[in-house]
Structure formats: structure tokens, C-alpha cells
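S.K.: Can you keep this structure in mind? I'll have questions shortly.
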Amino acid sequence: MSLANKTVDIRENRLHTILHYNGDAQDLNERGKKGELQIGNSGYEQCGNCQEGCAVGQVYGILDAALIEHAPLGCYATISASCVSGKSTAKARGKGVFHNKAICTNISERETIYGGTEILREAILEAKKRYDPRVIFVTTACVSGIVGDDVEGTARDTQDEIGVPVISISCEGFKSRIWSSGFDIAFNEILRIVREPRKKQDDLVNIFNFVGSDTFTPLLSMLNLRVNYLPSQTTVEELSQISEAACTATICETLATYIGDELERRYKVPQVKAAAPYCLGWTDRWMREVAKLTHRESLAEQVIQKENERIRPELEVLRKELGNQRVYVFAGDAYAHNMANIASDLGMEVVGMTTYHHDQYADTREINTLNFMVESVGNVPNYTVCNKQPYQVLKFLKALKPDILIVRHQALAVYGYKLGIPTIFEADSNKCVGYDGIIELGRRIKRVFQTRKLIQNISENAELPYTDWWMDEGTDPFYFEGEHQ
Ligand code: SF4
């Protein structure tokens with residue numbers, strides 16, 4: 001195993017990430033580049049994410065690894081969703097049947113008082129016995145952190161006993177207000193299983209991604225390149241080879257520019273310095289950048305021309321049909337920019353956006369998707385940052401009345417329907433990738449519009465759990481961020 005950085009700083013310190021903003025995209029971009037904005041506070045939070053869940057999500061899907069959450073059962077609840085998406089991703093990518101290989105130590109009052117290293121040790125031994133994994137990851141939670149369990153020491157000692165690497169991931173939720181800090185912490189530990197390159201693989205491209213279908217393989221096979229889809233549904237062996245790849249790309253800078261940077265710094269694996277391939281212009285630019293790094297420039301030009309010509313007839317029809325529609329995007333930071341960009345490419349007007357956070361500085365200076373989005377979409381007039389908080393977004397939507405809403409997370413789609421707004425739930429972040437992805441989203445939007453009557457029906461019969469005072473148009477959506485917090 002190679003040595004990772006000992007720790008990685010949380011995003012509020014490293015990237016000056018903010019959680020609150022109200023203005024427009026251009027202003028956020030300009031002020032963000034100077035790091036002028038403060039993280040912000042609110043006196044009331046309806047919901048939120050936790051960095052432990054994000055860290056777990058990155059290591060849970062590694063096929064021949066096991067995971068131990070050293071946590072109470074409540075923190076482990078997200079595993080059920082990870083298991084479902086692991087199974088569907090395995091099916092979509094032809095990887096066979098995905099099996100859950102996670103154990104929760106189920107920290108209770110007893111361990112909170114007397115310490116939990118003994119049950120952690122038992123869980124590690126049990127994971128070895130049940131799953132015979134190549135690597136065991138141990139994630140921590142608020143309780144194990146507050147109690148002060150020596151997780152690192154227990155992992156080291158038990159590793160010697162069982163002869164399998166046991167890697168602890170220190171991702172207690174309380175350590176960062178920015179849940180995406182958990183991605184960086186997990187990747188920092190994943191780097192421990194990356195080996196020194198034995199032989200460069202000139203046709204291999206690392207793609208850091210979430211779960212879902214495989215759309216990068218068809219895209220990159222046109223350049224005669226192979227895809228190393230990471231980290232979910234890979235084996236430890238495939239992960240250990242990422243130092244040998246020709247280049248690294250990520251589907252959004254929020255996810256993986258930290259590890260992309262580290263791979264460039266440690267192993268000279270260059271990172272693709274372009275926005276991810278969402279919409280025509282960004283796909284063309286991304287393909288050219290990948291081609292430059294893999295010495296396939298003339299092939300790329302042929303592919304770009306051919307693909308543009310192939311999709312043009314249907315794209316023109318979609319642009320005509322969707323051209324007068326007003327769209328609102330509600331998603332994670334960089335992924336929201338991807339979605340807004342495609343919507344704009346389909347001819348729609350992006351009237352507003354809410355992102356869950358905003359990284360003012362990028363790990364990789366050249367990849368700033370807000371900047372790219374302002375260049376390609378133009379200014380988005382109603383741009384807010386809030387850590388989900390449907391109670392606020394509901395008011396933005398009621399005021400703007402968009403024709404369509406695009407959300408990235410399931411529960412948030414429900415709000416669109418309750419308000420009578422046709423909503424796209426973009427669970428699979430791979431679907432909109434590349435040339436076919438633009439067409440695919442356009443077709444889905446058309447299908448959602450066909451269900452308008454049903455959505456109208458839902459909204460007429462749905463009750464929202466808010467008081468008349470909150471629903472009143474005169475009540476400020478930022479009430480709890482002001483003097484009342
Ligand atoms: S914030 Fe703490 S207690 Fe809550 S889920 Fe995350 S780790 Fe568990």
C-alpha cells in the first residue's frame with residue numbers, strides 16, 4: 001500500500017465553501033473567485049446531508065472490499081439506499097449480482113460510556129470471516145469520534161491479525177458542515193490502495209463517477225479508449241491501477257477533483273481540464289481535451305463532426321418543441337451547472353437555480369463549472385445556495401412558476417409534483433452524458449410534459465406541511481437567515 005496524505009482539510013477551509021447565497025450566477029461567480037463570501041448560517045434547518053454518508057457511498061460499492069460503519073444504526077440507514085443503487089448499477093453495467101458487504105457495529109449506550117474498540121475488532125473479524133475481502137474500510141461517525149475510540153489503532157492491530165488491509169476513514173459528521181468533504185476524505189484513503197505504476201496504460205481513462213448506467217464506454221470507445229469507472233463497481237485491483245491511466249476525468253468537480261489532483265501530483269496522470277461532457281459544446285471540448293492527452297486529435301475531430309451531424313436533426317426538433325420552456329434546477333454544486341447547461345442547449349430558459357453548496361475555490365483551478373456555465377448559458381438571474389431546505393426552495397418555485405424542475409435527489413422531486421410542476425428526477429448522473437445524453441434528456445422532458453394532467457391532479461390534492469404564514473407570498477424565504485436566526 002502507498003502512503004496517502006495523513007489528512008485532507010475540510011472544504012470550508014480548503015475551498016472556502018459556502019452554504020448560503022442569494023443573488024445571480026454572475027455575481028456568485030465573480031465574488032466566489034475572489035473568495036469574498038462567508039459560509040453563512042441559518043437559525044432553522046429542515047434537513048441536510050452528512051459527510052459520513054458521502055464517504056460511505058464512495059467505498060461501499062467496491063466489489064471485493066468490505067465496509068464497517070463504526071456507528072449507531074441510525075447513521076447506517078443510508079446503506080439501504082446504497083445497496084439498492086449498488087444492485088441496479090451492477091445490473092446496468094453488466095457486473096452480475098451486487099451483494100451487500102457492510103456491517104454496522106451498532107454503537108449503543110454501553111459503548112458510548114465504556115468505549116467501542118472491542119466491538120469494532122469483533123466486526124472486523126466477522127467481516128473477514130463472512131466476506132473474505134481484499135480490503136476492509138472502517139468509517140467513523142459522530143459518536144465514535146466524540147467518545148474517542150482509537151479506530152486507527154484498532155484497524156492497524158486487527159489488520160496484522162487477519163492479514164488483510166484495514167483502512168480507517170475518519171469522516172465523523174460533525175467535523176464538516178459541507179457533506180461533500182466526505183468525498184475527499186474517502187478518496188484520500190482510497191489512495192492508500194493505489195500502487196506505483198508498473199506500466200502505463202495509454203488507452204485507459206479514469207472516470208470518477210456516481211452509480212448508474214455506463215455511458216462513458218460508448219463515448220470513449222469512439223476514440224479507442226477504455227474506461228476505468230470509479231470507484232463504485234470496481235475491484236481493488238482495478239482501483240490500484242489508476243496510477244497507470246492515460247488521464248483522469250470526473251463527471252462533476254464537486255465529486256473528484258481532489259483525487260484527480262492527487263493522481264496528477266503523485267503519479268503524473270493528467271486531469272482532463274474541461275467541463276464534464278454535458279451538452280454539445282462541453283462534450284466537443286471534453287472530447288478534444290481527452291484526445292489531446294491520449295494523442296488522438298485527428299480521430300477526435302472526425303468523431304465530433306460525425307456525432308454532431310448524427311444528432312442534429314433530432315436536436316433541432318427538440319429545440320423547437322422545448323424552446324419556450326422555463327426551467328429551474330435544484331441539485332449539488334457542479335452537477336447543477338451540468339444540468340442547466342444541457343437544458344439551455346435544448347433551447348430552454350434557465351430562470352433559476354439552487355445548489356446545495358458552492359465551492360468558491362476549485363481544487364483544480366482550470367475546472368470551474370460555474371464559470372463555464374456563465375459563459376455558455378449566460379447569467380442565471382435567480383441563483384441561491386442552500387443546503388437542500390425544501391421549505392425555502394418551495395417559495396422560490398412558487399414565485400418563479402417554472403414550466404419544469406430538474407432535481408438530483410429523490411425526495412425533492414415530490415415538492416415539484418405537489419406544486420404542480422413537471423419534474424425530472426435525475427438520479428442517474430450518467431444518463432445525460434455525451435451526444436446521446438442531450439437527446440435522451442430532451443425526450444424525457446417531453447414525456448414528463450405528457451403527464452401534466454396527473455401532476456395537476458396531485459397538486460390539487462396534496463397538502464404541504466407549512467403554516468399559512470410561511471406560504472404567504474409576503475414572507476421572506478430567507479427569514480431564518482436574517483435577524484431571526
Ligand atoms: S451527522 Fe453524525 S450522527 Fe448524523 S448521520 Fe452523520 S455521523 Fe451519524
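Residue names in the C-alpha cells use chain letters A, B, ... in the order shown, residue numbers from 1 in each chain, and ligand numbers from 1 in the order shown.
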Ligand 1: which residues are within 9 Å, counting only C-alpha atoms and all ligand atoms, as a list in words?

M.R.: Asn49, Cys50, Gln51, Glu52, Gly53, Ala71, Pro72, Leu73, Gly74, Cys75, Tyr76, Ala77, Thr78, Thr140, Ala141, Cys142, Val143, Ser144, Gly145, Cys171, Glu172, Gly173, Phe174 and Lys175 of chain A

S.K.: Since we have the selection now, will you write its residues out, keeping N, CA and C atoms, as a PDB file, in the first residue's frame?

M.R.:
```
ATOM      1  N   ASN A  49     -27.423  16.884   4.663  1.00  0.00           N
ATOM      2  CA  ASN A  49     -26.661  15.666   4.437  1.00  0.00           C
ATOM      3  C   ASN A  49     -25.508  15.618   5.425  1.00  0.00           C
ATOM      4  N   CYS A  50     -24.805  14.484   5.418  1.00  0.00           N
ATOM      5  CA  CYS A  50     -23.709  14.304   6.359  1.00  0.00           C
ATOM      6  C   CYS A  50     -22.521  13.740   5.589  1.00  0.00           C
ATOM      7  N   GLN A  51     -21.328  14.200   5.916  1.00  0.00           N
ATOM      8  CA  GLN A  51     -20.157  13.768   5.143  1.00  0.00           C
ATOM      9  C   GLN A  51     -19.870  12.278   5.325  1.00  0.00           C
ATOM     10  N   GLU A  52     -20.341  11.705   6.438  1.00  0.00           N
ATOM     11  CA  GLU A  52     -20.130  10.272   6.633  1.00  0.00           C
ATOM     12  C   GLU A  52     -20.826   9.481   5.521  1.00  0.00           C
ATOM     13  N   GLY A  53     -22.055   9.905   5.185  1.00  0.00           N
ATOM     14  CA  GLY A  53     -22.794   9.231   4.118  1.00  0.00           C
ATOM     15  C   GLY A  53     -22.077   9.331   2.787  1.00  0.00           C
ATOM     16  N   ALA A  71     -20.603   2.913  14.053  1.00  0.00           N
ATOM     17  CA  ALA A  71     -21.631   3.940  14.229  1.00  0.00           C
ATOM     18  C   ALA A  71     -22.880   3.331  14.852  1.00  0.00           C
ATOM     19  N   PRO A  72     -23.764   4.166  15.379  1.00  0.00           N
ATOM     20  CA  PRO A  72     -25.090   3.656  15.753  1.00  0.00           C
ATOM     21  C   PRO A  72     -25.874   3.295  14.488  1.00  0.00           C
ATOM     22  N   LEU A  73     -26.932   2.535  14.649  1.00  0.00           N
ATOM     23  CA  LEU A  73     -27.687   2.061  13.481  1.00  0.00           C
ATOM     24  C   LEU A  73     -28.266   3.191  12.630  1.00  0.00           C
ATOM     25  N   GLY A  74     -28.603   4.302  13.282  1.00  0.00           N
ATOM     26  CA  GLY A  74     -29.217   5.412  12.545  1.00  0.00           C
ATOM     27  C   GLY A  74     -28.303   5.929  11.447  1.00  0.00           C
ATOM     28  N   CYS A  75     -27.000   6.030  11.726  1.00  0.00           N
ATOM     29  CA  CYS A  75     -26.055   6.516  10.708  1.00  0.00           C
ATOM     30  C   CYS A  75     -25.968   5.520   9.553  1.00  0.00           C
ATOM     31  N   TYR A  76     -26.222   4.266   9.857  1.00  0.00           N
ATOM     32  CA  TYR A  76     -26.100   3.179   8.876  1.00  0.00           C
ATOM     33  C   TYR A  76     -27.306   3.125   7.935  1.00  0.00           C
ATOM     34  N   ALA A  77     -28.329   3.927   8.250  1.00  0.00           N
ATOM     35  CA  ALA A  77     -29.584   3.824   7.490  1.00  0.00           C
ATOM     36  C   ALA A  77     -29.382   4.057   5.992  1.00  0.00           C
ATOM     37  N   THR A  78     -28.396   4.887   5.632  1.00  0.00           N
ATOM     38  CA  THR A  78     -28.214   5.189   4.205  1.00  0.00           C
ATOM     39  C   THR A  78     -27.747   3.968   3.415  1.00  0.00           C
ATOM     40  N   THR A 140     -16.049   6.166  10.452  1.00  0.00           N
ATOM     41  CA  THR A 140     -16.413   6.610  11.798  1.00  0.00           C
ATOM     42  C   THR A 140     -17.633   7.530  11.731  1.00  0.00           C
ATOM     43  N   ALA A 141     -18.284   7.710  12.865  1.00  0.00           N
ATOM     44  CA  ALA A 141     -19.455   8.587  12.939  1.00  0.00           C
ATOM     45  C   ALA A 141     -19.287   9.510  14.147  1.00  0.00           C
ATOM     46  N   CYS A 142     -20.267  10.393  14.341  1.00  0.00           N
ATOM     47  CA  CYS A 142     -20.139  11.382  15.418  1.00  0.00           C
ATOM     48  C   CYS A 142     -19.842  10.701  16.751  1.00  0.00           C
ATOM     49  N   VAL A 143     -20.573   9.625  17.058  1.00  0.00           N
ATOM     50  CA  VAL A 143     -20.426   9.025  18.394  1.00  0.00           C
ATOM     51  C   VAL A 143     -19.027   8.444  18.581  1.00  0.00           C
ATOM     52  N   SER A 144     -18.533   7.683  17.600  1.00  0.00           N
ATOM     53  CA  SER A 144     -17.208   7.091  17.778  1.00  0.00           C
ATOM     54  C   SER A 144     -16.142   8.176  17.882  1.00  0.00           C
ATOM     55  N   GLY A 145     -16.386   9.313  17.196  1.00  0.00           N
ATOM     56  CA  GLY A 145     -15.435  10.420  17.286  1.00  0.00           C
ATOM     57  C   GLY A 145     -15.488  11.098  18.640  1.00  0.00           C
ATOM     58  N   CYS A 171     -14.486  10.205   9.184  1.00  0.00           N
ATOM     59  CA  CYS A 171     -15.463  11.059   8.498  1.00  0.00           C
ATOM     60  C   CYS A 171     -16.644  11.423   9.405  1.00  0.00           C
ATOM     61  N   GLU A 172     -16.396  11.606  10.695  1.00  0.00           N
ATOM     62  CA  GLU A 172     -17.478  11.962  11.609  1.00  0.00           C
ATOM     63  C   GLU A 172     -18.246  13.174  11.074  1.00  0.00           C
ATOM     64  N   GLY A 173     -19.571  13.065  11.112  1.00  0.00           N
ATOM     65  CA  GLY A 173     -20.409  14.112  10.537  1.00  0.00           C
ATOM     66  C   GLY A 173     -20.143  15.494  11.104  1.00  0.00           C
ATOM     67  N   PHE A 174     -19.817  15.589  12.368  1.00  0.00           N
ATOM     68  CA  PHE A 174     -19.681  16.914  12.993  1.00  0.00           C
ATOM     69  C   PHE A 174     -18.436  17.666  12.537  1.00  0.00           C
ATOM     70  N   LYS A 175     -17.515  16.964  11.855  1.00  0.00           N
ATOM     71  CA  LYS A 175     -16.242  17.612  11.515  1.00  0.00           C
ATOM     72  C   LYS A 175     -16.371  18.657  10.412  1.00  0.00           C
TER      73      LYS A 175
END
```

S.K.: So that I can see what lies close to region 206-209 of chain A, please list as a ChimeraX atom specification the residues with an atom at most 8 Å from it, counting only C-alpha atoms and leaving out residues fewer than 3 positions away in the same chain.

M.R.: /A:227-232,242,245-251,255-256

S.K.: One decimal, in Å: what's the spacing between CA of Glu481 (chain A) and CA of Glu463 (chain A)?

M.R.: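 For CA of Glu481 (chain A) relative to CA of Glu463 (chain A), the distance reads 25.5 Å.
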
S.K.: Would you write out, as JSON lines, a table of all residues in region 271-340 of chain A that have an atom no more than 8 Å from an atom of region 437-453 of chain A, listing for each the closest atom pair and the distance in Å to one decimal, considering only C-alpha atoms and ordering rows by chain and rising residue number?

M.R.:
```
{"residue": "A:Tyr278", "atom": "CA", "partner": "A:Ile438", "partner_atom": "CA", "distance": 7.3}
{"residue": "A:Cys279", "atom": "CA", "partner": "A:Ile438", "partner_atom": "CA", "distance": 5.9}
{"residue": "A:Leu280", "atom": "CA", "partner": "A:Ile438", "partner_atom": "CA", "distance": 7.4}
{"residue": "A:Ile311", "atom": "CA", "partner": "A:Ile439", "partner_atom": "CA", "distance": 7.5}
{"residue": "A:Glu314", "atom": "CA", "partner": "A:Ile439", "partner_atom": "CA", "distance": 7.3}
{"residue": "A:Leu315", "atom": "CA", "partner": "A:Ile439", "partner_atom": "CA", "distance": 6.4}
{"residue": "A:Leu318", "atom": "CA", "partner": "A:Gly442", "partner_atom": "CA", "distance": 6.3}
{"residue": "A:Leu322", "atom": "CA", "partner": "A:Lys446", "partner_atom": "CA", "distance": 8.0}
```

S.K.: Please dump the current selection as an mmCIF file, in the first residue's frame; keep N, CA and C atoms.

M.R.:
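Dumped to again19.cif:
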```
data_model
loop_
_atom_site.group_PDB
_atom_site.id
_atom_site.type_symbol
_atom_site.label_atom_id
_atom_site.label_comp_id
_atom_site.auth_asym_id
_atom_site.auth_seq_id
_atom_site.Cartn_x
_atom_site.Cartn_y
_atom_site.Cartn_z
ATOM 1 N N TYR A 278 -21.446 17.425 -20.726
ATOM 2 C CA TYR A 278 -22.897 17.629 -20.644
ATOM 3 C C TYR A 278 -23.255 18.790 -21.556
ATOM 4 N N CYS A 279 -23.882 18.543 -22.640
ATOM 5 C CA CYS A 279 -24.325 19.439 -23.725
ATOM 6 C C CYS A 279 -23.326 19.334 -24.864
ATOM 7 N N LEU A 280 -23.741 19.861 -25.995
ATOM 8 C CA LEU A 280 -22.947 19.695 -27.217
ATOM 9 C C LEU A 280 -21.564 20.347 -27.096
ATOM 10 N N ILE A 311 -26.721 13.680 -34.456
ATOM 11 C CA ILE A 311 -27.805 14.073 -33.537
ATOM 12 C C ILE A 311 -28.534 15.348 -33.978
ATOM 13 N N GLU A 314 -32.598 15.478 -34.752
ATOM 14 C CA GLU A 314 -33.497 15.358 -33.582
ATOM 15 C C GLU A 314 -33.293 16.516 -32.606
ATOM 16 N N LEU A 315 -32.057 16.982 -32.493
ATOM 17 C CA LEU A 315 -31.796 18.104 -31.574
ATOM 18 C C LEU A 315 -32.548 19.350 -32.042
ATOM 19 N N LEU A 318 -36.141 18.964 -31.073
ATOM 20 C CA LEU A 318 -36.307 19.157 -29.618
ATOM 21 C C LEU A 318 -36.209 20.632 -29.249
ATOM 22 N N LEU A 322 -39.094 22.511 -27.253
ATOM 23 C CA LEU A 322 -38.862 22.892 -25.847
ATOM 24 C C LEU A 322 -38.434 24.348 -25.700
#
```

S.K.: Pick out the closest residue to Thr254 (chain A) from this set: A:Phe210, A:Phe330, A:Trp286, A:Tyr335. Count only C-alpha atoms.

M.R.: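 Looking only at the distances to Thr254 (chain A), the closest residue turns out to be A:Tyr335.
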
S.K.: List every residue of region 162-333 of chain A that DSSP, applied to the backbone of this structure, assigns to alpha helix (DSSP H), and report them as a ChimeraX atom specification.

M.R.: /A:162,181-190,216-221,236-240,253-267,280-294,297-322,333

S.K.: Can you list every residue in region 133-335 of chain A that DSSP puts in strand (DSSP E or B), as a VMD selection string?

M.R.: chain A and resid 135 to 140 166 to 169 201 to 208 226 to 230 245 to 250 271 326 to 331

S.K.: Residues at most 8 Å from Pro133 (chain A), counting only C-alpha atoms, excluding those fewer than 2 positions away in the same chain, as a PyMOL selection string?

M.R.: chain A and resi 64-66+127-128+131+135-136+164

S.K.: Restricting it to N, CA and C atoms, dump the selection as a short mmCIF file (atom, residue, chain, number, x, y, z; two decimals), in the first residue's frame.

M.R.:
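Okay, this is what ended up in selection36.cif:
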```cif
data_model
loop_
_atom_site.label_atom_id
_atom_site.label_comp_id
_atom_site.auth_asym_id
_atom_site.auth_seq_id
_atom_site.Cartn_x
_atom_site.Cartn_y
_atom_site.Cartn_z
N ASP A 64 -14.82 -6.12 -4.19
CA ASP A 64 -14.21 -7.12 -3.31
C ASP A 64 -13.67 -6.49 -2.02
N ALA A 65 -14.29 -5.38 -1.60
CA ALA A 65 -13.96 -4.77 -0.31
C ALA A 65 -15.15 -4.95 0.63
N ALA A 66 -14.89 -4.88 1.93
CA ALA A 66 -15.99 -4.85 2.91
C ALA A 66 -15.96 -3.52 3.63
N ALA A 127 -16.21 -9.50 9.45
CA ALA A 127 -16.18 -9.14 8.02
C ALA A 127 -15.21 -10.03 7.26
N LYS A 128 -14.09 -10.31 7.87
CA LYS A 128 -13.10 -11.20 7.22
C LYS A 128 -13.72 -12.60 7.03
N TYR A 131 -16.99 -12.29 4.40
CA TYR A 131 -16.83 -11.82 3.01
C TYR A 131 -15.47 -12.12 2.40
N VAL A 135 -9.86 -5.83 0.97
CA VAL A 135 -9.62 -4.66 1.83
C VAL A 135 -10.85 -4.47 2.71
N ILE A 136 -10.63 -4.00 3.94
CA ILE A 136 -11.77 -3.63 4.79
C ILE A 136 -11.65 -2.13 5.10
N VAL A 164 -5.23 -8.76 6.16
CA VAL A 164 -5.95 -8.01 5.13
C VAL A 164 -5.86 -6.52 5.50
#
```

S.K.: Excluding region 8-18 of chain A and residues on its chain fewer than 6 positions from it, collect all residues at most 10 Å away from it, counting only C-alpha atoms, and give them as an NGL selection string.

M.R.: :A and (32 or 35-41 or 51 or 175-182 or 184-189 or 258 or 356-363 or 385-387)

S.K.: Go ahead and write the residues just picked, N, CA and C atoms, as a JSON list (two decimals), in the first residue's frame.

M.R.:
```json
[["chain", "number", "residue", "atom", "x", "y", "z"],
["A", 32, "GLY", "N", -17.18, 34.73, -5.85],
["A", 32, "GLY", "CA", -16.63, 33.45, -5.42],
["A", 32, "GLY", "C", -15.18, 33.31, -5.83],
["A", 35, "GLY", "N", -13.16, 34.75, -3.41],
["A", 35, "GLY", "CA", -13.31, 34.17, -2.07],
["A", 35, "GLY", "C", -13.91, 35.14, -1.08],
["A", 36, "GLU", "N", -14.79, 36.02, -1.58],
["A", 36, "GLU", "CA", -15.32, 37.10, -0.73],
["A", 36, "GLU", "C", -16.42, 36.65, 0.22],
["A", 37, "LEU", "N", -17.06, 35.51, -0.10],
["A", 37, "LEU", "CA", -18.31, 35.18, 0.61],
["A", 37, "LEU", "C", -18.06, 34.34, 1.85],
["A", 38, "GLN", "N", -18.93, 34.49, 2.82],
["A", 38, "GLN", "CA", -18.84, 33.72, 4.06],
["A", 38, "GLN", "C", -19.76, 32.51, 3.96],
["A", 39, "ILE", "N", -19.46, 31.48, 4.72],
["A", 39, "ILE", "CA", -20.24, 30.24, 4.66],
["A", 39, "ILE", "C", -21.72, 30.46, 4.99],
["A", 40, "GLY", "N", -22.03, 31.34, 5.92],
["A", 40, "GLY", "CA", -23.42, 31.67, 6.27],
["A", 40, "GLY", "C", -24.03, 30.74, 7.30],
["A", 41, "ASN", "N", -25.09, 31.24, 7.91],
["A", 41, "ASN", "CA", -25.78, 30.49, 8.96],
["A", 41, "ASN", "C", -27.27, 30.62, 8.80],
["A", 51, "GLN", "N", -21.33, 14.20, 5.92],
["A", 51, "GLN", "CA", -20.16, 13.77, 5.14],
["A", 51, "GLN", "C", -19.87, 12.28, 5.33],
["A", 175, "LYS", "N", -17.52, 16.96, 11.85],
["A", 175, "LYS", "CA", -16.24, 17.61, 11.52],
["A", 175, "LYS", "C", -16.37, 18.66, 10.41],
["A", 176, "SER", "N", -17.40, 18.51, 9.57],
["A", 176, "SER", "CA", -17.55, 19.47, 8.47],
["A", 176, "SER", "C", -19.03, 19.75, 8.24],
["A", 177, "ARG", "N", -19.34, 21.02, 7.97],
["A", 177, "ARG", "CA", -20.73, 21.35, 7.63],
["A", 177, "ARG", "C", -20.99, 21.03, 6.15],
["A", 178, "ILE", "N", -19.94, 20.76, 5.42],
["A", 178, "ILE", "CA", -20.08, 20.51, 3.98],
["A", 178, "ILE", "C", -20.01, 19.01, 3.75],
["A", 179, "TRP", "N", -21.14, 18.41, 3.37],
["A", 179, "TRP", "CA", -21.18, 16.96, 3.26],
["A", 179, "TRP", "C", -20.20, 16.43, 2.24],
["A", 180, "SER", "N", -19.91, 17.23, 1.17],
["A", 180, "SER", "CA", -19.01, 16.72, 0.13],
["A", 180, "SER", "C", -17.56, 16.63, 0.61],
["A", 181, "SER", "N", -17.26, 17.15, 1.80],
["A", 181, "SER", "CA", -15.93, 16.89, 2.39],
["A", 181, "SER", "C", -15.71, 15.38, 2.51],
["A", 182, "GLY", "N", -16.81, 14.64, 2.67],
["A", 182, "GLY", "CA", -16.71, 13.18, 2.81],
["A", 182, "GLY", "C", -16.14, 12.51, 1.57],
["A", 184, "ASP", "N", -13.77, 13.74, -0.32],
["A", 184, "ASP", "CA", -12.31, 13.93, -0.28],
["A", 184, "ASP", "C", -11.66, 13.00, 0.75],
["A", 185, "ILE", "N", -12.32, 12.86, 1.91],
["A", 185, "ILE", "CA", -11.75, 12.00, 2.96],
["A", 185, "ILE", "C", -11.69, 10.56, 2.48],
["A", 186, "ALA", "N", -12.77, 10.10, 1.83],
["A", 186, "ALA", "CA", -12.78, 8.72, 1.32],
["A", 186, "ALA", "C", -11.71, 8.53, 0.25],
["A", 187, "PHE", "N", -11.62, 9.50, -0.68],
["A", 187, "PHE", "CA", -10.63, 9.34, -1.76],
["A", 187, "PHE", "C", -9.21, 9.38, -1.21],
["A", 188, "ASN", "N", -9.00, 10.19, -0.18],
["A", 188, "ASN", "CA", -7.67, 10.25, 0.43],
["A", 188, "ASN", "C", -7.25, 8.88, 0.94],
["A", 189, "GLU", "N", -8.21, 8.13, 1.45],
["A", 189, "GLU", "CA", -7.89, 6.78, 1.97],
["A", 189, "GLU", "C", -7.84, 5.76, 0.83],
["A", 258, "TYR", "N", -10.36, 16.55, -6.16],
["A", 258, "TYR", "CA", -9.30, 16.35, -5.15],
["A", 258, "TYR", "C", -8.44, 15.15, -5.54],
["A", 356, "TYR", "N", -26.74, 23.03, -3.50],
["A", 356, "TYR", "CA", -26.70, 22.70, -2.06],
["A", 356, "TYR", "C", -25.53, 23.37, -1.33],
["A", 357, "HIS", "N", -24.51, 23.69, -2.09],
["A", 357, "HIS", "CA", -23.38, 24.43, -1.53],
["A", 357, "HIS", "C", -22.65, 25.05, -2.71],
["A", 358, "HIS", "N", -21.63, 25.85, -2.46],
["A", 358, "HIS", "CA", -20.80, 26.33, -3.57],
["A", 358, "HIS", "C", -19.35, 26.41, -3.11],
["A", 359, "ASP", "N", -18.48, 25.69, -3.83],
["A", 359, "ASP", "CA", -17.04, 25.76, -3.55],
["A", 359, "ASP", "C", -16.51, 27.02, -4.23],
["A", 360, "GLN", "N", -16.08, 28.00, -3.42],
["A", 360, "GLN", "CA", -15.60, 29.25, -4.04],
["A", 360, "GLN", "C", -14.29, 29.02, -4.78],
["A", 361, "TYR", "N", -13.42, 28.19, -4.21],
["A", 361, "TYR", "CA", -12.17, 27.85, -4.90],
["A", 361, "TYR", "C", -12.30, 26.42, -5.41],
["A", 362, "ALA", "N", -11.66, 26.16, -6.54],
["A", 362, "ALA", "CA", -11.66, 24.79, -7.06],
["A", 362, "ALA", "C", -10.34, 24.14, -6.70],
["A", 363, "ASP", "N", -10.38, 22.81, -6.46],
["A", 363, "ASP", "CA", -9.13, 22.09, -6.25],
["A", 363, "ASP", "C", -8.24, 22.27, -7.47],
["A", 385, "VAL", "N", -28.01, 29.49, -2.96],
["A", 385, "VAL", "CA", -27.29, 28.34, -2.40],
["A", 385, "VAL", "C", -27.94, 28.06, -1.06],
["A", 386, "CYS", "N", -28.41, 26.83, -0.87],
["A", 386, "CYS", "CA", -28.88, 26.42, 0.45],
["A", 386, "CYS", "C", -28.76, 24.91, 0.56],
["A", 387, "ASN", "N", -28.49, 24.43, 1.74],
["A", 387, "ASN", "CA", -28.23, 23.00, 1.93],
["A", 387, "ASN", "C", -29.54, 22.21, 1.88]]
```

S.K.: Got a sec: who's within 7 Å of Pro197 (chain A), counting only C-alpha atoms, leaving out chain neighbours fewer than 5 positions off, as number ranges by chain?

M.R.: A: 241, 243-244

S.K.: Need to verify the contact set: Val211 (chain A), 7 Å, only C-alpha atoms, exclusion of same-chain residues closer than 4 positions in sequence. Can you return it as a list in words?

M.R.: Ser85, Thr89, Ser232 and Asp428 of chain A

S.K.: So what do you get for CA of Ala291 (chain A) versus CA of Gly61 (chain A), distance-wise?

M.R.: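 Answer for the CA of Ala291 (chain A) to CA of Gly61 (chain A) separation: 29.4 Å.
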
S.K.: Rounded to one decimal place, report the CA of Tyr435 (chain A)-CA of Pro277 (chain A) distance in Å.

M.R.: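 Computing it gives 8.4 Å between the two atoms.
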
S.K.: Given the choices A:Asp202, A:Glu262, A:Gly57, A:Lys101, which gets closest to His295 (chain A) if the distance is worked out from only C-alpha atoms?

M.R.: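 Under the stated criterion, the closest residue is A:Asp202.
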
S.K.: With only C-alpha atoms as the basis for distance, which of A:Leu125, A:Ala334, A:Leu225, A:Leu63 is at the shortest distance from Thr154 (chain A)?

M.R.: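 With only C-alpha atoms as the atom set, the closest residue is A:Leu125.
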